[in-house]
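Novice: Have a look at this one.
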Amino acid sequence: MNNLTFGRYSPFNTFIHKLDPRNKIFLMIVLFVCVFLKVTVWSSTLIMAGTLFLFMICIMLISKVSVLSLLKSLGAMWLLFLFLLIIYMFVPNPAYDKTHVAFTINNYPVYYDAFIQWGYIVIRLVMMLMVTMILTSTTKPMDLTYGLEWYLTPLKIVKFPSHIVAMTLSIALRFIPTLIDETNRIIKAQSSRGVDFNHGGIFKRFRAIFALIIPLFVSAITRSEELSDAMEARGYDPYAKRSRYRKLQFHLCDLLALIVAILVFGAILTLVIYNNHFVQVDIIYWISGVRPIL
Amino acid sequence: MQIKINNLSYTYLAKTPNEVEALHDVNLEIPEGKITSIIGHTGSGKSTLIQTLNGLLIPTSGEVHVGEYVVTNKKKKNKKIKDLRKSLAIVFQFPEYQLFEETVEKDVAFGLKNYGVKEPEAIKLAHKALNEVGIDKSFYKRSPFELSGGEKRRVAIAGIIALNPDILVLDEPTAGLDPLGSKIILSLVEKFNKEGKTIIIVTHDMNIVLNYSDHVVVMNDGKVAFEGTPSTLFNGDISKYSIDVPELFKFVKILESKGMKLDISKIRTLDDLINQLKEKR
């Protein structure tokens with residue numbers, strides 16, 4: 001349970017940390033869109049993705065997000081990647097280029113295209129992971145919810161209770177570490193009663209999980225009742241107008257980040273539109289003059 | 001079973017920027033068949049120390065010997081940890097949070113079943129343990145969540161003593177209980193001790209230390225600051241450990257300052273004081 005460090009907020013004072021959370025959420029969405037844009041020629045797509053990847057590594061370095069913890073969480077995902085690879089290799093897809101067979105297993109052809117498609121998915125997953133990680137480890141959970149609340153405010157017109165949603169979210173985020181501590185404590189207490197969480201067959205482990213989940217739920221529910229009592233005792237009214245100690249502000253650095261993001265987005269969008277609707281640009285051919293085999 | 005701790009160190013979040021050294025080169029022997037109190041202010045390493053005793057935390061360096069068992073950071077030697085946990089059982093702070101079964105008897109039998117005791121035998125032993133902690137038969141089929149705080153805690157303790165450990169470790173057993181509830185728990189502890197179990201209590205309550213324990217260990221900044229009998233501790237200079245003087249001891253000190261001659265090293269409970277006063281009369 002102690003290795004739950006992925007995307008945890010780390011208090012540094014970098015350029016990225018200083019950005020307005022509303023701006024960061026927007027930039028995240030822009031980057032997500034960039035990640036999912038695709039060019040018809042695979043080599044160009046991969047080069048585009050690679051450039052984007054380098055760009056994100058730069059952001060990670062600037063924001064002092066630990067690359068090690070990214071690698072660790074990728075390591076935890078190896079099974080998913082393997083599973084995807086098997087699916088792409090063996091599930092027939094009419095869109096695959098049938099003329100290039102990588103190898104055959106028992107006369108079943110595996111196409112190069114399968115690997116390329118798999119490559120797309122993996123690189124996209126990795127980049128999505130990176131973007132989310134940068135967002136959560138440079139933004140305080142509270143700021144993140146304030147940012148979300150701001151995006152939800154227009155919905156007030158249709159009577160959507162955005163402030164209640166934001167409060168619920170911030171409470172949920174606030175209690176994650178508390179629940180992790182609680183989990184560790186219950187694991188230790190049950191281990192003292194002979195529960196083995198790491199070994200034994202499926203049935204035994206299932207029992208073990210029960211011994212953890214039930215006390216955890218009980219304490220979470222007790223805690224939530226106590227919290228709601230405490231909030232009421234201090235006069236919390238979900239419909240009252242609330243003032244705020246920390247106000248979100250749009251700074252010069254936000255503008256700068258926005259410009260950079262729009263430039264990147266613009267460049268990629270131009271490339272995509274140019275490729276998909278006018279001329280198929282094969283970057284490898286451009287540079288080396290050699291047409292790739294596919 | 002004897003507990004011997006050699007050069008024990010423990011560091012939380014080792015090799016990260018947030019690492020904290022909770023225990024530093026602790027050497028300790030805990031006497032067999034006695035009640036030992038471990039005291040010290042918050043963050044002094046008491047809880048870390050007891051968690052290394054049954055291998056819930058693996059020491060960064062050093063060894064803990066509990067009878068034939070050893071806890072070290074060498075993986076090969078730690079194979080018998082599950083058996084160790086049966087002989088050295090820990091009752092954690094607020095143990096009522098570990099209850100989860102549908103009925104009281106099932107919850108107490110849960111630990112036994114984890115050690116391979118079959119159903120009818122486990123329930124029988126559970127009844128015996130519940131009887132020992134003074135839980136009435138009418139509670140056996142009830143849900144543990146319906147009980148009061150003190151009852152829950154006794155059920156949780158029953159779940160541990162049903163395993164029949166040789167050594168029982170209790171982390172703040174009286175926290176959050178009313179005086180009567182505390183007294184019930186502590187007299188239980190005394191009873192287990194008389195049955196031959198070694199008891200270790202982690203506590204902040206100096207009255208427990210004076211009244212119940214034979215041996216006391218004071219932890220300070222992850223090191224053992226004092227080891228000895230309670231009366232030596234409270235007679236000495238305790239200001240440096242930032243702990244309180246027990247109420248009874250304060251009273252005896254006042255009596256002494258007014259000219260009463262009492263043998264302070266023999267006073268552990270109110271009854272001892274009364275007896276000495278009677279002799280004076």
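Just remember, in the structure tokens the first chain shown is A, the second B, etc., residues are 1-based per chain, and ligands are 1-based in the order shown.
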Within 12 Å of chain B, which residues of chain A show up when using only C-alpha atoms, listed as a ChimeraX atom specification?
Specialist: /A:1-3,5,10,66,68-69,182-200,204-205,207-220,222
Novice: Could you pull out the helix (DSSP H, G or I) residues of range 70-255 of chain B from DSSP and send them as a PyMOL selection string?
Specialist: chain B and resi 75-87+95-98+104-114+119-132+137-139+144-146+149-161+179-194+206-212+230-235+239-241+247-255
Novice: Rank A:Tyr112, A:Ala233, A:Gly266, A:Tyr239 by their smallest atom-to-atom distance to Val165 in chain A, using only C-alpha atoms, and report the top residue only.
Specialist: A:Tyr239
Novice: Set the distance at 9 Å and use only C-alpha atoms: which residues neighbour Ile123 in chain B once local chain neighbours fewer than 2 positions away are removed? I'd like the list as an MDAnalysis selection string.
Specialist: chainID B and resid 105:106 108:109 112 118:121 125:128
Novice: Emit the selected residues as an mmCIF file, in the first residue's frame, including all heavy atoms.
Specialist:
data_model
loop_
_atom_site.group_PDB
_atom_site.id
_atom_site.type_symbol
_atom_site.label_atom_id
_atom_site.label_comp_id
_atom_site.auth_asym_id
_atom_site.auth_seq_id
_atom_site.Cartn_x
_atom_site.Cartn_y
_atom_site.Cartn_z
ATOM 1 N N GLU B 105 -19.406 -14.737 17.870
ATOM 2 C CA GLU B 105 -18.621 -15.970 17.984
ATOM 3 C C GLU B 105 -17.826 -16.248 16.708
ATOM 4 O O GLU B 105 -16.689 -16.699 16.755
ATOM 5 C CB GLU B 105 -19.502 -17.162 18.359
ATOM 6 C CG GLU B 105 -20.628 -17.418 17.384
ATOM 7 C CD GLU B 105 -21.461 -18.646 17.750
ATOM 8 O OE1 GLU B 105 -21.347 -19.120 18.892
ATOM 9 O OE2 GLU B 105 -22.220 -19.107 16.886
ATOM 10 N N LYS B 106 -18.438 -15.921 15.542
ATOM 11 C CA LYS B 106 -17.726 -16.143 14.283
ATOM 12 C C LYS B 106 -16.497 -15.254 14.192
ATOM 13 O O LYS B 106 -15.455 -15.662 13.691
ATOM 14 C CB LYS B 106 -18.646 -15.832 13.100
ATOM 15 C CG LYS B 106 -19.393 -17.026 12.573
ATOM 16 C CD LYS B 106 -19.998 -16.633 11.256
ATOM 17 C CE LYS B 106 -20.848 -17.726 10.667
ATOM 18 N NZ LYS B 106 -21.576 -17.239 9.492
ATOM 19 N N VAL B 108 -14.689 -14.075 16.636
ATOM 20 C CA VAL B 108 -13.632 -14.561 17.521
ATOM 21 C C VAL B 108 -12.980 -15.817 16.924
ATOM 22 O O VAL B 108 -11.767 -16.002 17.012
ATOM 23 C CB VAL B 108 -14.193 -14.831 18.934
ATOM 24 C CG1 VAL B 108 -13.133 -15.443 19.827
ATOM 25 C CG2 VAL B 108 -14.710 -13.540 19.542
ATOM 26 N N ALA B 109 -13.789 -16.647 16.261
ATOM 27 C CA ALA B 109 -13.265 -17.888 15.691
ATOM 28 C C ALA B 109 -12.456 -17.643 14.413
ATOM 29 O O ALA B 109 -11.704 -18.505 13.973
ATOM 30 C CB ALA B 109 -14.404 -18.854 15.396
ATOM 31 N N LEU B 112 -8.739 -18.200 14.657
ATOM 32 C CA LEU B 112 -8.432 -19.624 14.826
ATOM 33 C C LEU B 112 -8.494 -20.346 13.496
ATOM 34 O O LEU B 112 -7.649 -21.172 13.169
ATOM 35 C CB LEU B 112 -9.434 -20.247 15.801
ATOM 36 C CG LEU B 112 -9.269 -19.827 17.259
ATOM 37 C CD1 LEU B 112 -10.517 -20.143 18.036
ATOM 38 C CD2 LEU B 112 -8.074 -20.526 17.861
ATOM 39 N N LYS B 118 -10.504 -26.313 12.805
ATOM 40 C CA LYS B 118 -11.762 -26.577 12.089
ATOM 41 C C LYS B 118 -12.961 -26.011 12.839
ATOM 42 O O LYS B 118 -12.890 -25.743 14.042
ATOM 43 C CB LYS B 118 -11.916 -28.078 11.875
ATOM 44 C CG LYS B 118 -10.940 -28.633 10.848
ATOM 45 C CD LYS B 118 -11.376 -28.313 9.422
ATOM 46 C CE LYS B 118 -10.324 -28.665 8.391
ATOM 47 N NZ LYS B 118 -9.116 -27.823 8.406
ATOM 48 N N GLU B 119 -14.073 -25.855 12.119
ATOM 49 C CA GLU B 119 -15.243 -25.109 12.613
ATOM 50 C C GLU B 119 -15.726 -25.426 14.038
ATOM 51 O O GLU B 119 -15.696 -24.528 14.885
ATOM 52 C CB GLU B 119 -16.396 -25.257 11.607
ATOM 53 C CG GLU B 119 -17.666 -24.524 11.974
ATOM 54 C CD GLU B 119 -17.660 -23.078 11.514
ATOM 55 O OE1 GLU B 119 -16.977 -22.751 10.529
ATOM 56 O OE2 GLU B 119 -18.352 -22.285 12.130
ATOM 57 N N PRO B 120 -16.148 -26.671 14.360
ATOM 58 C CA PRO B 120 -16.742 -26.862 15.699
ATOM 59 C C PRO B 120 -15.746 -26.578 16.820
ATOM 60 O O PRO B 120 -16.079 -25.948 17.822
ATOM 61 C CB PRO B 120 -17.169 -28.339 15.700
ATOM 62 C CG PRO B 120 -16.562 -28.949 14.507
ATOM 63 C CD PRO B 120 -16.112 -27.899 13.577
ATOM 64 N N GLU B 121 -14.502 -26.989 16.588
ATOM 65 C CA GLU B 121 -13.454 -26.759 17.574
ATOM 66 C C GLU B 121 -13.195 -25.247 17.738
ATOM 67 O O GLU B 121 -13.080 -24.748 18.858
ATOM 68 C CB GLU B 121 -12.181 -27.487 17.108
ATOM 69 C CG GLU B 121 -10.969 -27.319 17.985
ATOM 70 C CD GLU B 121 -11.068 -28.041 19.325
ATOM 71 O OE1 GLU B 121 -12.022 -28.832 19.493
ATOM 72 O OE2 GLU B 121 -10.218 -27.789 20.198
ATOM 73 N N LEU B 125 -13.515 -23.005 21.119
ATOM 74 C CA LEU B 125 -12.436 -22.176 21.677
ATOM 75 C C LEU B 125 -12.853 -20.710 21.755
ATOM 76 O O LEU B 125 -12.487 -19.995 22.685
ATOM 77 C CB LEU B 125 -11.171 -22.324 20.831
ATOM 78 C CG LEU B 125 -10.428 -23.647 20.984
ATOM 79 C CD1 LEU B 125 -9.355 -23.784 19.915
ATOM 80 C CD2 LEU B 125 -9.797 -23.753 22.366
ATOM 81 N N ALA B 126 -13.649 -20.288 20.765
ATOM 82 C CA ALA B 126 -14.131 -18.900 20.755
ATOM 83 C C ALA B 126 -15.010 -18.651 21.975
ATOM 84 O O ALA B 126 -14.888 -17.621 22.645
ATOM 85 C CB ALA B 126 -14.908 -18.630 19.475
ATOM 86 N N HIS B 127 -15.893 -19.597 22.269
ATOM 87 C CA HIS B 127 -16.751 -19.455 23.443
ATOM 88 C C HIS B 127 -15.915 -19.343 24.709
ATOM 89 O O HIS B 127 -16.206 -18.530 25.586
ATOM 90 C CB HIS B 127 -17.700 -20.656 23.554
ATOM 91 C CG HIS B 127 -18.794 -20.610 22.537
ATOM 92 N ND1 HIS B 127 -19.703 -21.616 22.370
ATOM 93 C CD2 HIS B 127 -19.117 -19.673 21.621
ATOM 94 C CE1 HIS B 127 -20.543 -21.302 21.399
ATOM 95 N NE2 HIS B 127 -20.203 -20.120 20.920
ATOM 96 N N LYS B 128 -14.840 -20.151 24.764
ATOM 97 C CA LYS B 128 -13.976 -20.136 25.941
ATOM 98 C C LYS B 128 -13.334 -18.743 26.098
ATOM 99 O O LYS B 128 -13.316 -18.171 27.197
ATOM 100 C CB LYS B 128 -12.899 -21.209 25.775
ATOM 101 C CG LYS B 128 -12.234 -21.595 27.080
ATOM 102 C CD LYS B 128 -11.173 -22.662 26.849
ATOM 103 C CE LYS B 128 -10.016 -22.442 27.783
ATOM 104 N NZ LYS B 128 -8.718 -22.626 27.143
#
Novice: Using DSSP on the backbone coordinates, identify the residues of range 59-257 of chain A assigned to strand (DSSP E); present them as a VMD selection string.
Specialist: chain A and resid 101 to 105 108 to 111
Novice: Using only C-alpha atoms, pick whichever of B:Asp272, B:Val202, B:Leu233, B:Tyr212 has the shortest atom-to-atom distance to Ile39 in chain B.
Specialist: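 Looking only at the distances to Ile39 in chain B, the closest residue turns out to be B:Val202.
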Novice: Need to verify the contact set: Val224 in chain B, 10 Å, only C-alpha atoms, exclusion of same-chain residues closer than 2 positions in sequence. Can you return it as a list in words?
Specialist: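 So the residues in contact are Leu23, His24, Asp25, Val26, Asn27, Leu28, Ile38, Gly40, Ser44, Gly45, Lys46, Val217, Val218, Met219, Asn220, Asp221, Gly222, Phe226 and Glu227 of chain B.
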Novice: Within 7 Å of Leu53 in chain B, counting only C-alpha atoms, which residues qualify if same-chain residues fewer than 3 places away don't, as a list in words?
Specialist: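 So the residues in contact are Leu49, Ile50 and Val64 of chain B.
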Novice: Write the selection just made, keeping C-alpha atoms, as a compact mmCIF listing (two decimals), in the first residue's frame?
Specialist:
# COMPACT_ATOMS: atom_id res chain seq x y z
CA LEU B 49 8.83 -1.16 18.14
CA ILE B 50 5.87 -3.42 18.86
CA VAL B 64 14.32 -9.43 17.05
Novice: Can you tell me which residues surround Pro161 in chain A at a distance of at most 10 Å, considering only C-alpha atoms, apart from same-chain residues fewer than 6 positions away, and format the answer as number ranges by chain?
Specialist: A: 149, 152-153, 155, 238-239
Novice: So that I have them on file, write out the residues from the current selection with N, CA and C atoms, as an mmCIF file, in the first residue's frame.
Specialist:
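That gives us part13.cif:
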data_model
loop_
_atom_site.group_PDB
_atom_site.id
_atom_site.type_symbol
_atom_site.label_atom_id
_atom_site.label_comp_id
_atom_site.auth_asym_id
_atom_site.auth_seq_id
_atom_site.Cartn_x
_atom_site.Cartn_y
_atom_site.Cartn_z
ATOM 1 N N GLU A 149 -15.012 23.115 -10.406
ATOM 2 C CA GLU A 149 -16.227 23.842 -10.037
ATOM 3 C C GLU A 149 -16.448 25.016 -10.988
ATOM 4 N N LEU A 152 -17.930 24.009 -14.043
ATOM 5 C CA LEU A 152 -19.321 23.555 -13.896
ATOM 6 C C LEU A 152 -20.281 24.716 -13.647
ATOM 7 N N THR A 153 -19.744 25.903 -13.305
ATOM 8 C CA THR A 153 -20.644 27.018 -12.970
ATOM 9 C C THR A 153 -21.672 27.354 -14.042
ATOM 10 N N LEU A 155 -23.406 25.550 -15.659
ATOM 11 C CA LEU A 155 -24.521 24.617 -15.530
ATOM 12 C C LEU A 155 -25.519 25.063 -14.470
ATOM 13 N N PRO A 238 -25.560 23.858 2.165
ATOM 14 C CA PRO A 238 -25.094 23.687 0.784
ATOM 15 C C PRO A 238 -25.600 24.765 -0.167
ATOM 16 N N TYR A 239 -26.689 25.411 0.185
ATOM 17 C CA TYR A 239 -27.245 26.397 -0.752
ATOM 18 C C TYR A 239 -26.840 27.825 -0.439
#
Novice: Which one of A:Ser43, A:Ile29, A:Gly7, A:Lys38 sits closest to Thr270 in chain A if you count only C-alpha atoms?
Specialist: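 Using only C-alpha atoms, Thr270 in chain A sits closest to A:Lys38.
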Novice: As an mmCIF file with N, CA, C and O atoms, in the first residue's frame, please: the residues near Asn207 in chain B (cut-off 7 Å, only C-alpha atoms, same-chain neighbours under 2 positions excluded).
Specialist:
data_model
loop_
_atom_site.group_PDB
_atom_site.id
_atom_site.type_symbol
_atom_site.label_atom_id
_atom_site.label_comp_id
_atom_site.auth_asym_id
_atom_site.auth_seq_id
_atom_site.Cartn_x
_atom_site.Cartn_y
_atom_site.Cartn_z
ATOM 1 N N ASP B 205 -0.783 6.258 29.973
ATOM 2 C CA ASP B 205 -1.367 6.447 31.289
ATOM 3 C C ASP B 205 -0.396 5.934 32.352
ATOM 4 O O ASP B 205 -0.187 4.745 32.507
ATOM 5 N N VAL B 209 0.999 2.212 34.396
ATOM 6 C CA VAL B 209 2.400 1.803 34.547
ATOM 7 C C VAL B 209 2.677 1.462 35.994
ATOM 8 O O VAL B 209 3.229 0.405 36.314
ATOM 9 N N LEU B 210 2.263 2.341 36.904
ATOM 10 C CA LEU B 210 2.557 2.119 38.320
ATOM 11 C C LEU B 210 1.752 0.946 38.870
ATOM 12 O O LEU B 210 2.289 0.095 39.578
ATOM 13 N N ASN B 211 0.462 0.895 38.556
ATOM 14 C CA ASN B 211 -0.397 -0.101 39.187
ATOM 15 C C ASN B 211 -0.199 -1.507 38.661
ATOM 16 O O ASN B 211 -0.358 -2.469 39.389
ATOM 17 N N PRO B 246 2.345 9.457 38.235
ATOM 18 C CA PRO B 246 1.027 8.900 38.547
ATOM 19 C C PRO B 246 0.387 9.606 39.733
ATOM 20 O O PRO B 246 1.094 10.088 40.619
ATOM 21 N N GLU B 247 -0.935 9.663 39.723
ATOM 22 C CA GLU B 247 -1.673 10.367 40.775
ATOM 23 C C GLU B 247 -1.285 9.860 42.157
ATOM 24 O O GLU B 247 -1.068 10.642 43.083
#
